[in-house]
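Report on the structure given below.
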Amino acid sequence: MQTLYRYKKRFVVAITGASGVVYGLELIRHLLLQEFQVHCIITETARPILSDEISSKNYSFIGGLGDGKFESKNPDFFIYKEDDFHAPCASGSFKFEAMVVSPCSMKTLGKIANSIGDNLVVRASEVALKERRKLVLVPRETPLALTHLRNMVSITEAGGIILPACPGFYHDPKTIEDLVDFITARTLMTIDVEQNFLREWGDE
């Protein structure tokens, strides 16, 4: 008997210990708005930053931002700790469209570049690379050391994409939200997800 398998498109989003956690949360928000399934890894160092930088009233899909007790408020949104190697995204047999680490700390970037798979973020990134799925890292660090640049080259050579959190200004931003939207839109475009809040260059 033939069986038809159906599942929603899945994305993995990791939020690591760098300032700019809003980039990860906005990406998740837009993915959920398009009714995709999102599997989110929040590292231990990211947890206090989330509590410090974001108020819980802004994001209805996640609870506990104020006290660090993060919980999903959306059936298509799943949260994992960095030491949870039983999470589905730790296995290559778990199909997902792409993985984004946003923001990506230099420590995480270095571990991915050197295949130091001691946490779920690195392990899931390795899965994306070995299964030839898109891996996008959104670093938010400046200036960059030579070691950072060399790690970025290694990741690019392995098939990953480095997408620095460097917003453009041709869309005439008026607010911080406009700058965040620019990076969110570019990230969505990189993982082949449609967006309608940043026009393409030349599209009047």
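Letters A, B, ... mark the chains of the structure tokens in the order given; residue numbers begin at 1 per chain; ligand numbers begin at 1, in order shown.
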Could you give me, as CSV, a per-residue list for stretch 78-114 of chain A showing, wherever an atom lies at most 12 Å from an atom of stretch 152-164 of chain A, the closest pair of atoms and their distance in Å to one decimal, using only C-alpha atoms and sorting by chain then residue number from low to high?
residue,atom,partner,partner_atom,distance
A:Ala98,CA,A:Gly160,CA,10.5
A:Met99,CA,A:Gly160,CA,9.8
A:Val100,CA,A:Ile161,CA,9.4
A:Val101,CA,A:Leu163,CA,9.9
A:Ser102,CA,A:Leu163,CA,9.4
A:Pro103,CA,A:Pro164,CA,9.1
A:Cys104,CA,A:Pro164,CA,9.2
A:Ser105,CA,A:Pro164,CA,11.2
A:Met106,CA,A:Met152,CA,9.7
A:Lys107,CA,A:Met152,CA,11.9
A:Thr108,CA,A:Met152,CA,11.3
A:Leu109,CA,A:Met152,CA,7.5
A:Gly110,CA,A:Met152,CA,8.2
A:Lys111,CA,A:Ile155,CA,10.2
A:Ile112,CA,A:Ile155,CA,7.4
A:Ala113,CA,A:Ile155,CA,5.3
A:Asn114,CA,A:Ser154,CA,8.1
**Item:** Backbone DSSP call of strand (DSSP E or B) for stretch 58-117 of chain A, listed as number ranges by chain
**Value:** A: 62-63, 71-72, 77-81, 98-104
Would you mind exporting all heavy atoms of the selected residues as a tab-separated table (two decimals), in the first residue's frame?
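As a result, again03.tsv now contains:
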chain	number	residue	atom	x	y	z
A	62	ILE	N	7.14	32.80	21.93
A	62	ILE	CA	8.04	32.32	22.98
A	62	ILE	C	7.70	32.99	24.30
A	62	ILE	O	7.45	34.19	24.37
A	62	ILE	CB	9.51	32.58	22.59
A	62	ILE	CG1	10.46	31.97	23.63
A	62	ILE	CG2	9.79	34.05	22.39
A	62	ILE	CD1	11.92	31.97	23.21
A	63	GLY	N	7.65	32.20	25.35
A	63	GLY	CA	7.38	32.72	26.68
A	63	GLY	C	8.62	32.63	27.55
A	63	GLY	O	9.57	31.92	27.24
A	71	GLU	N	9.91	28.94	26.85
A	71	GLU	CA	8.96	27.90	26.47
A	71	GLU	C	8.24	28.31	25.19
A	71	GLU	O	8.03	29.48	24.92
A	71	GLU	CB	7.95	27.65	27.59
A	71	GLU	CG	7.16	28.89	27.99
A	71	GLU	CD	6.16	28.61	29.10
A	71	GLU	OE1	5.88	27.43	29.34
A	71	GLU	OE2	5.69	29.57	29.71
A	72	SER	N	7.90	27.29	24.40
A	72	SER	CA	7.24	27.54	23.13
A	72	SER	C	5.76	27.86	23.35
A	72	SER	O	5.08	27.23	24.16
A	72	SER	CB	7.35	26.31	22.22
A	72	SER	OG	6.54	26.47	21.07
A	77	PHE	N	6.88	25.54	16.83
A	77	PHE	CA	8.13	26.09	17.35
A	77	PHE	C	8.64	25.20	18.47
A	77	PHE	O	7.94	24.91	19.43
A	77	PHE	CB	7.89	27.51	17.87
A	77	PHE	CG	9.11	28.20	18.40
A	77	PHE	CD1	10.26	28.30	17.63
A	77	PHE	CD2	9.11	28.76	19.67
A	77	PHE	CE1	11.39	28.94	18.12
A	77	PHE	CE2	10.22	29.41	20.17
A	77	PHE	CZ	11.37	29.50	19.39
A	78	PHE	N	9.90	24.73	18.32
A	78	PHE	CA	10.49	23.81	19.28
A	78	PHE	C	11.80	24.39	19.79
A	78	PHE	O	12.61	24.91	19.02
A	78	PHE	CB	10.75	22.45	18.62
A	78	PHE	CG	9.52	21.82	18.03
A	78	PHE	CD1	9.10	22.17	16.74
A	78	PHE	CD2	8.77	20.92	18.74
A	78	PHE	CE1	7.96	21.60	16.19
A	78	PHE	CE2	7.62	20.35	18.21
A	78	PHE	CZ	7.22	20.69	16.93
A	79	ILE	N	12.02	24.31	21.10
A	79	ILE	CA	13.20	24.90	21.73
A	79	ILE	C	14.05	23.80	22.35
A	79	ILE	O	13.53	22.90	23.03
A	79	ILE	CB	12.80	25.92	22.82
A	79	ILE	CG1	11.89	27.02	22.24
A	79	ILE	CG2	14.05	26.54	23.45
A	79	ILE	CD1	11.33	27.95	23.30
A	80	TYR	N	15.36	23.88	22.13
A	80	TYR	CA	16.29	22.90	22.68
A	80	TYR	C	17.44	23.61	23.39
A	80	TYR	O	17.86	24.70	22.99
A	80	TYR	CB	16.87	22.01	21.57
A	80	TYR	CG	15.82	21.39	20.69
A	80	TYR	CD1	15.54	21.95	19.44
A	80	TYR	CD2	15.12	20.26	21.09
A	80	TYR	CE1	14.57	21.39	18.61
A	80	TYR	CE2	14.15	19.70	20.27
A	80	TYR	CZ	13.87	20.28	19.03
A	80	TYR	OH	12.92	19.73	18.22
A	81	LYS	N	17.98	22.95	24.41
A	81	LYS	CA	19.19	23.43	25.06
A	81	LYS	C	20.40	22.93	24.27
A	81	LYS	O	20.33	21.96	23.53
A	81	LYS	CB	19.25	22.94	26.50
A	81	LYS	CG	18.18	23.54	27.40
A	81	LYS	CD	18.37	23.10	28.84
A	81	LYS	CE	17.35	23.77	29.76
A	81	LYS	NZ	17.53	23.35	31.18
A	98	ALA	N	17.20	24.28	5.89
A	98	ALA	CA	18.41	25.08	6.10
A	98	ALA	C	18.57	25.33	7.59
A	98	ALA	O	17.62	25.19	8.37
A	98	ALA	CB	18.32	26.41	5.35
A	99	MET	N	19.80	25.71	7.96
A	99	MET	CA	20.07	26.10	9.34
A	99	MET	C	20.70	27.48	9.34
A	99	MET	O	21.56	27.79	8.50
A	99	MET	CB	21.01	25.10	10.01
A	99	MET	CG	21.41	25.51	11.43
A	99	MET	SD	22.33	24.23	12.29
A	99	MET	CE	22.71	25.12	13.83
A	100	VAL	N	20.26	28.30	10.29
A	100	VAL	CA	20.81	29.65	10.46
A	100	VAL	C	21.25	29.83	11.90
A	100	VAL	O	20.51	29.49	12.83
A	100	VAL	CB	19.78	30.73	10.10
A	100	VAL	CG1	20.37	32.13	10.29
A	100	VAL	CG2	19.27	30.56	8.68
A	101	VAL	N	22.47	30.32	12.10
A	101	VAL	CA	22.94	30.69	13.44
A	101	VAL	C	22.94	32.21	13.49
A	101	VAL	O	23.75	32.86	12.84
A	101	VAL	CB	24.34	30.13	13.73
A	101	VAL	CG1	24.75	30.45	15.17
A	101	VAL	CG2	24.39	28.62	13.49
A	102	SER	N	22.00	32.77	14.27
A	102	SER	CA	21.80	34.22	14.25
A	102	SER	C	21.34	34.73	15.61
A	102	SER	O	20.23	34.39	16.04
A	102	SER	CB	20.75	34.58	13.18
A	102	SER	OG	20.53	35.96	13.12
A	103	PRO	N	22.17	35.52	16.29
A	103	PRO	CA	23.53	35.89	15.91
A	103	PRO	C	24.50	34.74	16.19
A	103	PRO	O	24.21	33.86	17.00
A	103	PRO	CB	23.82	37.08	16.82
A	103	PRO	CG	23.02	36.80	18.06
A	103	PRO	CD	21.77	36.15	17.58
A	104	CYS	N	25.63	34.78	15.52
A	104	CYS	CA	26.64	33.74	15.68
A	104	CYS	C	27.85	34.33	16.40
A	104	CYS	O	28.51	35.23	15.87
A	104	CYS	CB	27.06	33.18	14.32
A	104	CYS	SG	28.27	31.85	14.42
**Request:** Considering only C-alpha atoms, return as a ChimeraX atom specification whatever protein or nucleic-acid residues lie within 12 Å of A:Ile176, sequence-local ones (same chain, fewer than 6 positions apart) excluded.
**Result:** /A:20,22-23,167,169,182-183
**Request:** Could you give me, as a PyMOL selection string, each residue of stretch 34-100 of chain A that DSSP assigns to alpha helix (DSSP H) when run on this structure's backbone?
**Result:** chain A and resi 46-53
Written selection (all heavy atoms) as a short mmCIF file (atom, residue, chain, number, x, y, z; two decimals), in the first residue's frame:
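Okay, this is what ended up in part-v6.cif:
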data_model
loop_
_atom_site.label_atom_id
_atom_site.label_comp_id
_atom_site.auth_asym_id
_atom_site.auth_seq_id
_atom_site.Cartn_x
_atom_site.Cartn_y
_atom_site.Cartn_z
N ALA A 46 23.51 32.61 25.49
CA ALA A 46 22.50 33.45 24.84
C ALA A 46 21.33 33.75 25.77
O ALA A 46 20.65 34.77 25.59
CB ALA A 46 21.99 32.77 23.57
N ARG A 47 21.10 32.88 26.73
CA ARG A 47 19.90 33.03 27.57
C ARG A 47 19.86 34.35 28.35
O ARG A 47 18.84 35.05 28.32
CB ARG A 47 19.76 31.81 28.48
CG ARG A 47 19.38 30.57 27.69
CD ARG A 47 19.43 29.27 28.47
NE ARG A 47 19.04 28.18 27.58
CZ ARG A 47 17.81 27.67 27.50
NH1 ARG A 47 16.87 28.14 28.29
NH2 ARG A 47 17.53 26.71 26.64
N PRO A 48 20.91 34.74 29.06
CA PRO A 48 20.83 36.04 29.74
C PRO A 48 20.76 37.22 28.78
O PRO A 48 20.15 38.25 29.10
CB PRO A 48 22.13 36.08 30.57
CG PRO A 48 23.04 35.09 29.94
CD PRO A 48 22.16 34.02 29.38
N ILE A 49 21.37 37.08 27.59
CA ILE A 49 21.30 38.16 26.61
C ILE A 49 19.87 38.33 26.11
O ILE A 49 19.38 39.45 25.94
CB ILE A 49 22.26 37.90 25.44
CG1 ILE A 49 23.70 37.82 25.95
CG2 ILE A 49 22.15 38.99 24.37
CD1 ILE A 49 24.72 37.42 24.90
N LEU A 50 19.19 37.22 25.88
CA LEU A 50 17.78 37.28 25.47
C LEU A 50 16.96 38.01 26.53
O LEU A 50 16.13 38.86 26.21
CB LEU A 50 17.23 35.87 25.27
CG LEU A 50 17.44 35.24 23.89
CD1 LEU A 50 17.27 33.74 23.96
CD2 LEU A 50 16.47 35.83 22.88
N SER A 51 17.19 37.67 27.79
CA SER A 51 16.43 38.31 28.87
C SER A 51 16.75 39.79 28.97
O SER A 51 15.87 40.61 29.29
CB SER A 51 16.74 37.61 30.20
OG SER A 51 16.34 36.26 30.16
N ASP A 52 18.01 40.16 28.69
CA ASP A 52 18.42 41.57 28.81
C ASP A 52 17.96 42.42 27.63
O ASP A 52 17.58 43.58 27.80
CB ASP A 52 19.95 41.67 28.91
CG ASP A 52 20.48 41.15 30.24
OD1 ASP A 52 19.68 41.02 31.18
OD2 ASP A 52 21.69 40.84 30.32
N GLU A 53 17.99 41.86 26.42
CA GLU A 53 17.78 42.67 25.22
C GLU A 53 16.35 42.67 24.71
O GLU A 53 15.97 43.56 23.95
CB GLU A 53 18.70 42.18 24.08
CG GLU A 53 20.17 42.43 24.33
CD GLU A 53 21.05 42.12 23.14
OE1 GLU A 53 20.53 41.56 22.14
OE2 GLU A 53 22.25 42.45 23.18
#
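You can rank A:Leu32, A:Leu198, A:Val127, A:Leu149 by their closest distance to A:His171 using only C-alpha atoms, and at the top of that list sits A:Leu198.
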**Near-A:Asn119 list (12 Å; only C-alpha atoms; drop same-chain fewer than 6 positions) as a PyMOL selection string** = chain A and resi 14+16+41-44+80-87+89-90+107-108+111-112+125-126
**Request:** Rank nothing, just name the residue among A:Asn74, A:Thr147, A:Thr175, A:Gln195 nearest to A:Tyr59, using only C-alpha atoms.
**Result:** A:Asn74
**Item:** Minimum-distance residue to A:His30, chosen among A:Phe94, A:Phe61, A:Tyr170, A:Ile116 (using only C-alpha atoms)
**Value:** A:Phe61
**Prompt:** Contacts of A:Arg29 at 12 Å or less, counting only C-alpha atoms, minus same-chain residues fewer than 3 places along, as a list in words?
**Reply:** Val13, Val22, Tyr23, Gly24, Leu25, Glu26, Leu32, Leu33, Gln34, Glu35, Phe36, Gln37, Val38, Cys40, Asn58, Tyr59, Ser60, Phe61, Ile62, Lys73, Asn74, Asp76, Phe77, Asp181, Thr184, Ala185 and Leu188 of chain A
**Message:** Between A:Ser91, A:Thr190, A:Ser115, A:Thr45, which residue has the minimum interatomic distance to A:Gly17, considering only C-alpha atoms?
**Reply:**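 Nearest candidate to A:Gly17 out of A:Ser91, A:Thr190, A:Ser115, A:Thr45: A:Thr45.
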**atom CA of A:Leu27 to atom CA of A:Lys8, straight-line distance in Å** = 17.0 Å
**Item:** Nearest to A:Ala18, chosen from A:His148, A:Lys69, A:Arg133, A:Arg140, with only C-alpha atoms counted in the distances
**Value:**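 Result for the nearest residue to A:Ala18: A:Arg140.
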